[in-house]
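**Q** Just passing along the structure, written as structure tokens.
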Amino acid sequence: MSVLTKTDPEIAQLIEAEKRRQSMTLELIASENHVSAAVLQTAGTLLTDKYAEGYPGRRWYCGCENADAIEQLAIDRAKKLFGAEHANVQPHCGTSANLAVYLAALKPGAKIMGMRLDQGGHLSHGLNINLSGITYRVTHYGVRRDTEMLDLDEVRWLAVNEKPDLLVVGASAYPRTIDFKGFAEIASEVGCLILADIAHIAGLVAAGVHPSPVPHCQFVTTTTHKTLCGPRGGVILCKKDWAKKIDSAIFPGLQGGPLMHVIAAKAVCFLEALNPEFEQYAATIIANAKALAEQLIAKGWRLVSGGTDNHLMLVDLRSRLKDLTGHNAALWLARAGLICNKNTIPFDTRPPIESSGIRLGTPALTSRGMGSNEMARIAAWIDQILLSGGDSGAADRVRGQVEELCRQFPIPGLED
Ligand code: DSN
């Protein structure tokens, strides 16, 4: 950082401030994680200088021999990790991965069917203000009101009646196991294509602690920075017969030059995830989520669907404090160093900007090496803060204890 401090002290100071913020707070945002020092180092290399439009062995520019080798390693490792026939490692994010699948598989005006955003889906699954919802006709499925879980019979009924061209399965706020095989059977019955978006659970799928959609779906998209613990970015996995169309949809269809420094960091992340230790890490993410969920339930908080099977949970704040919004709860927790996000809960009566829930996840805590004892302490702090009515004294007291815990469990990227 010494060079940057000389060149641009303002940015250098802000990066230092962010390092301190990450180090001294607990990250409970379910879609965030802390990368390894190796991933961090790779993402900050001079690979950022290189233009490599095209694909390994088929580039527009000269001087791509190292870029070719790096991207090929990333592709080969992604295929091995997920057991996929083809991988495109160039998407800049999960949304561009999804848009590329739509571009490859559908004509504008075709019909997609995905999970409602306000019940756990994602904006790139057909939200009306996202390109997916602007370009395609959309129909949405949700969870059952009584169980707050997906019901394959309801999805099948809707699919049979709506006849989508593409069924999208995957979520950003769904705490339960997704039956990808069951969804694929529905797609096959209806005669449509299927895309599984595993952005949130990719690390769990890679480790084999969540069922994989790869054998069952034509397309699987993911981000690399959530449970997979890699750099910020996306990946598309697909069957061999879609490889050419997917590659053309990403470049030149949707993106220009790939981010080679990020692709190299993805390759490092895939290597780390191929290590047998990663399976234990992913299993611990789930064990920690279950421990946190059990502690919160024991304190009287209702969790959407009654618990969790994966890395996240949704707390229904109305279960104990009917006037507390997700917006206020997240702000109070943040003052105490507990970082999470507000979230709608299924059939929420509040608008998304207020929300009646908070979403909590355990990937980042697990990357710091925390276990069930720490989950119990964190649940107690969450409970204290939510019941404190936003009291600043309570926030300060908890913040002190949070910082003490943070010092015991440093973030991995700073170890070098
Ligand atoms: N921002 C991601 C999440 O938090 O789930 C979705 O794009």
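Residue names in the structure tokens use chain letters A, B, ... in the order shown, residue numbers from 1 in each chain, and ligand numbers from 1 in the order shown.
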Please write out the residues within 10 Å of ligand 1 as a list in words, counting only C-alpha atoms and all ligand atoms.
**A** Ile29, Ala30, Ser31, Glu32, Cys93, Gly94, Thr95, Gly120, Gly121, His122, Leu123, Ser124, Ala171, Ser172, Ala173, Tyr174, Ala199, His200, Thr223, Lys226, Cys340, Asn341, Asn343 and Arg359 of chain A
**Q** Mind checking which residues fall within 8 Å of Cys229 (chain A), counting only C-alpha atoms, ignoring those fewer than 5 positions away in the same chain, and posting them as an NGL selection string?
**A** :A and (33-36 or 203 or 224 or 269)
**Q** Residues of region 196-348 of chain A in strand (DSSP E) according to DSSP, as a ChimeraX atom specification?
**A** /A:196-197,219-223,234-238,302-303,312-316,338-339,341-343
**Q** Using backbone DSSP assignments, extract all helix (DSSP H, G or I) residues from region 24-79 of chain A; output them as a PDB file with N, CA and C atoms, in the first residue's frame.
**A**
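For reference, out_34.pdb as written:
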ATOM      1  N   MET A  24     -12.960  -5.626  12.064  1.00  0.00           N
ATOM      2  CA  MET A  24     -13.535  -5.381  13.386  1.00  0.00           C
ATOM      3  C   MET A  24     -15.063  -5.464  13.431  1.00  0.00           C
ATOM      4  N   ALA A  37      -5.800 -15.185   1.257  1.00  0.00           N
ATOM      5  CA  ALA A  37      -4.728 -14.269   0.849  1.00  0.00           C
ATOM      6  C   ALA A  37      -4.309 -14.552  -0.599  1.00  0.00           C
ATOM      7  N   ALA A  38      -4.357 -15.831  -1.007  1.00  0.00           N
ATOM      8  CA  ALA A  38      -3.932 -16.197  -2.371  1.00  0.00           C
ATOM      9  C   ALA A  38      -4.898 -15.611  -3.410  1.00  0.00           C
ATOM     10  N   VAL A  39      -6.196 -15.681  -3.134  1.00  0.00           N
ATOM     11  CA  VAL A  39      -7.189 -15.121  -4.065  1.00  0.00           C
ATOM     12  C   VAL A  39      -7.025 -13.604  -4.127  1.00  0.00           C
ATOM     13  N   LEU A  40      -6.850 -13.003  -2.959  1.00  0.00           N
ATOM     14  CA  LEU A  40      -6.721 -11.546  -2.879  1.00  0.00           C
ATOM     15  C   LEU A  40      -5.490 -11.060  -3.660  1.00  0.00           C
ATOM     16  N   GLN A  41      -4.400 -11.776  -3.471  1.00  0.00           N
ATOM     17  CA  GLN A  41      -3.153 -11.409  -4.136  1.00  0.00           C
ATOM     18  C   GLN A  41      -3.318 -11.496  -5.658  1.00  0.00           C
ATOM     19  N   THR A  42      -3.955 -12.568  -6.114  1.00  0.00           N
ATOM     20  CA  THR A  42      -4.107 -12.784  -7.558  1.00  0.00           C
ATOM     21  C   THR A  42      -4.973 -11.694  -8.190  1.00  0.00           C
ATOM     22  N   ALA A  43      -6.030 -11.290  -7.463  1.00  0.00           N
ATOM     23  CA  ALA A  43      -6.950 -10.283  -8.020  1.00  0.00           C
ATOM     24  C   ALA A  43      -6.287  -8.914  -8.142  1.00  0.00           C
ATOM     25  N   LEU A  46      -0.945  -7.571 -12.249  1.00  0.00           N
ATOM     26  CA  LEU A  46      -0.896  -6.833 -13.514  1.00  0.00           C
ATOM     27  C   LEU A  46      -1.627  -7.547 -14.658  1.00  0.00           C
ATOM     28  N   LEU A  47      -2.272  -8.655 -14.338  1.00  0.00           N
ATOM     29  CA  LEU A  47      -3.131  -9.280 -15.350  1.00  0.00           C
ATOM     30  C   LEU A  47      -4.244  -8.314 -15.757  1.00  0.00           C
ATOM     31  N   THR A  48      -4.517  -7.341 -14.901  1.00  0.00           N
ATOM     32  CA  THR A  48      -5.527  -6.330 -15.229  1.00  0.00           C
ATOM     33  C   THR A  48      -5.141  -5.526 -16.472  1.00  0.00           C
ATOM     34  N   ASP A  49      -3.871  -5.529 -16.833  1.00  0.00           N
ATOM     35  CA  ASP A  49      -3.404  -4.755 -17.997  1.00  0.00           C
ATOM     36  C   ASP A  49      -3.810  -5.378 -19.334  1.00  0.00           C
ATOM     37  N   GLU A  65      -0.592 -15.429 -24.570  1.00  0.00           N
ATOM     38  CA  GLU A  65      -0.235 -16.807 -24.221  1.00  0.00           C
ATOM     39  C   GLU A  65      -0.446 -17.102 -22.731  1.00  0.00           C
ATOM     40  N   ASN A  66      -0.130 -16.133 -21.864  1.00  0.00           N
ATOM     41  CA  ASN A  66      -0.335 -16.389 -20.431  1.00  0.00           C
ATOM     42  C   ASN A  66      -1.812 -16.304 -20.061  1.00  0.00           C
ATOM     43  N   ALA A  67      -2.502 -15.355 -20.685  1.00  0.00           N
ATOM     44  CA  ALA A  67      -3.952 -15.244 -20.454  1.00  0.00           C
ATOM     45  C   ALA A  67      -4.637 -16.543 -20.881  1.00  0.00           C
ATOM     46  N   ASP A  68      -4.209 -17.098 -22.009  1.00  0.00           N
ATOM     47  CA  ASP A  68      -4.790 -18.366 -22.492  1.00  0.00           C
ATOM     48  C   ASP A  68      -4.601 -19.478 -21.457  1.00  0.00           C
ATOM     49  N   ALA A  69      -3.367 -19.593 -20.974  1.00  0.00           N
ATOM     50  CA  ALA A  69      -3.075 -20.678 -20.020  1.00  0.00           C
ATOM     51  C   ALA A  69      -3.873 -20.492 -18.734  1.00  0.00           C
ATOM     52  N   ILE A  70      -3.980 -19.245 -18.291  1.00  0.00           N
ATOM     53  CA  ILE A  70      -4.725 -18.966 -17.047  1.00  0.00           C
ATOM     54  C   ILE A  70      -6.208 -19.282 -17.225  1.00  0.00           C
ATOM     55  N   GLU A  71      -6.780 -18.795 -18.333  1.00  0.00           N
ATOM     56  CA  GLU A  71      -8.227 -19.021 -18.517  1.00  0.00           C
ATOM     57  C   GLU A  71      -8.519 -20.517 -18.705  1.00  0.00           C
ATOM     58  N   GLN A  72      -7.604 -21.222 -19.414  1.00  0.00           N
ATOM     59  CA  GLN A  72      -7.828 -22.662 -19.617  1.00  0.00           C
ATOM     60  C   GLN A  72      -7.789 -23.416 -18.283  1.00  0.00           C
ATOM     61  N   LEU A  73      -6.860 -22.983 -17.407  1.00  0.00           N
ATOM     62  CA  LEU A  73      -6.812 -23.611 -16.072  1.00  0.00           C
ATOM     63  C   LEU A  73      -8.114 -23.361 -15.320  1.00  0.00           C
ATOM     64  N   ALA A  74      -8.598 -22.110 -15.404  1.00  0.00           N
ATOM     65  CA  ALA A  74      -9.854 -21.773 -14.708  1.00  0.00           C
ATOM     66  C   ALA A  74     -10.993 -22.629 -15.257  1.00  0.00           C
ATOM     67  N   ILE A  75     -11.057 -22.756 -16.576  1.00  0.00           N
ATOM     68  CA  ILE A  75     -12.131 -23.557 -17.205  1.00  0.00           C
ATOM     69  C   ILE A  75     -12.027 -25.014 -16.753  1.00  0.00           C
ATOM     70  N   ASP A  76     -10.830 -25.574 -16.865  1.00  0.00           N
ATOM     71  CA  ASP A  76     -10.651 -26.997 -16.526  1.00  0.00           C
ATOM     72  C   ASP A  76     -11.000 -27.266 -15.066  1.00  0.00           C
ATOM     73  N   ARG A  77     -10.572 -26.341 -14.195  1.00  0.00           N
ATOM     74  CA  ARG A  77     -10.850 -26.537 -12.761  1.00  0.00           C
ATOM     75  C   ARG A  77     -12.339 -26.393 -12.467  1.00  0.00           C
ATOM     76  N   ALA A  78     -12.996 -25.421 -13.111  1.00  0.00           N
ATOM     77  CA  ALA A  78     -14.448 -25.244 -12.890  1.00  0.00           C
ATOM     78  C   ALA A  78     -15.183 -26.499 -13.340  1.00  0.00           C
ATOM     79  N   LYS A  79     -14.800 -27.048 -14.494  1.00  0.00           N
ATOM     80  CA  LYS A  79     -15.462 -28.263 -15.003  1.00  0.00           C
ATOM     81  C   LYS A  79     -15.273 -29.430 -14.029  1.00  0.00           C
TER      82      LYS A  79
END
**Q** Counting only C-alpha atoms, what is within 10 Å of Arg144 (chain A), bar same-chain residues fewer than 3 positions away, as a list in words?
**A**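 Surrounding residues, per the criterion: Gln119, Tyr141, Thr147, Glu148, Met149, Leu150, Asp151, Glu154, Ser305, Pro346 and Phe347 of chain A.
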**Q** Generate a file of the selected residues that holds N, CA and C atoms, formatted as a PDB file, in the first residue's frame.
**A**
ATOM      1  N   GLN A 119     -40.064 -13.317  -2.493  1.00  0.00           N
ATOM      2  CA  GLN A 119     -40.147 -14.559  -1.717  1.00  0.00           C
ATOM      3  C   GLN A 119     -38.829 -15.330  -1.772  1.00  0.00           C
ATOM      4  N   TYR A 141     -43.163 -18.082  -9.790  1.00  0.00           N
ATOM      5  CA  TYR A 141     -43.676 -18.965  -8.740  1.00  0.00           C
ATOM      6  C   TYR A 141     -43.108 -18.491  -7.404  1.00  0.00           C
ATOM      7  N   THR A 147     -46.058 -23.419   4.548  1.00  0.00           N
ATOM      8  CA  THR A 147     -44.732 -23.966   4.885  1.00  0.00           C
ATOM      9  C   THR A 147     -43.598 -22.982   4.599  1.00  0.00           C
ATOM     10  N   GLU A 148     -43.886 -21.971   3.780  1.00  0.00           N
ATOM     11  CA  GLU A 148     -42.884 -21.010   3.295  1.00  0.00           C
ATOM     12  C   GLU A 148     -41.768 -21.723   2.528  1.00  0.00           C
ATOM     13  N   MET A 149     -42.121 -22.858   1.946  1.00  0.00           N
ATOM     14  CA  MET A 149     -41.162 -23.630   1.140  1.00  0.00           C
ATOM     15  C   MET A 149     -41.697 -23.795  -0.271  1.00  0.00           C
ATOM     16  N   LEU A 150     -40.778 -24.087  -1.188  1.00  0.00           N
ATOM     17  CA  LEU A 150     -41.179 -24.377  -2.563  1.00  0.00           C
ATOM     18  C   LEU A 150     -41.979 -25.668  -2.591  1.00  0.00           C
ATOM     19  N   ASP A 151     -42.969 -25.699  -3.457  1.00  0.00           N
ATOM     20  CA  ASP A 151     -43.806 -26.885  -3.583  1.00  0.00           C
ATOM     21  C   ASP A 151     -43.787 -27.291  -5.057  1.00  0.00           C
ATOM     22  N   GLU A 154     -47.037 -27.224  -7.018  1.00  0.00           N
ATOM     23  CA  GLU A 154     -47.482 -25.878  -7.426  1.00  0.00           C
ATOM     24  C   GLU A 154     -46.671 -25.387  -8.619  1.00  0.00           C
ATOM     25  N   SER A 305     -39.836 -20.558   7.372  1.00  0.00           N
ATOM     26  CA  SER A 305     -39.833 -22.009   7.133  1.00  0.00           C
ATOM     27  C   SER A 305     -39.374 -22.797   8.363  1.00  0.00           C
ATOM     28  N   PRO A 346     -41.627 -14.031   3.057  1.00  0.00           N
ATOM     29  CA  PRO A 346     -42.735 -14.380   2.165  1.00  0.00           C
ATOM     30  C   PRO A 346     -44.061 -13.778   2.649  1.00  0.00           C
ATOM     31  N   PHE A 347     -44.806 -13.215   1.715  1.00  0.00           N
ATOM     32  CA  PHE A 347     -46.110 -12.582   1.984  1.00  0.00           C
ATOM     33  C   PHE A 347     -45.968 -11.393   2.933  1.00  0.00           C
TER      34      PHE A 347
END
**Q** List every residue of region 263-314 of chain A that has an atom at most 9 Å from any atom of region 372-379 of chain A, giving for each one its closest atom pair and the distance in Å to one decimal, counting only C-alpha atoms, sorted by chain and then by ascending residue number, as a tab-separated table.
**A**
residue	atom	partner	partner_atom	distance
A:Ala287	CA	A:Ser372	CA	7.6
A:Asn288	CA	A:Ser372	CA	5.8
A:Ala289	CA	A:Met375	CA	8.1
A:Lys290	CA	A:Ser372	CA	9.0
A:Ala291	CA	A:Ser372	CA	5.8
A:Leu292	CA	A:Met375	CA	5.1
A:Ala293	CA	A:Ala379	CA	8.2
A:Glu294	CA	A:Ala376	CA	9.0
A:Gln295	CA	A:Ala379	CA	6.0
A:Leu296	CA	A:Ala379	CA	5.8
A:Lys299	CA	A:Ala379	CA	8.6
**Q** Just checking: using only C-alpha atoms, which residue out of A:Val155, A:Ala206, A:Cys64, A:Leu131 ends up closest to Val190 (chain A)?
**A**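 Nearest to Val190 (chain A): A:Val155.
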**Q** Calculate how many Å separate CA of Leu195 (chain A) from CA of Leu303 (chain A), rounding to one decimal.
**A** 28.1 Å
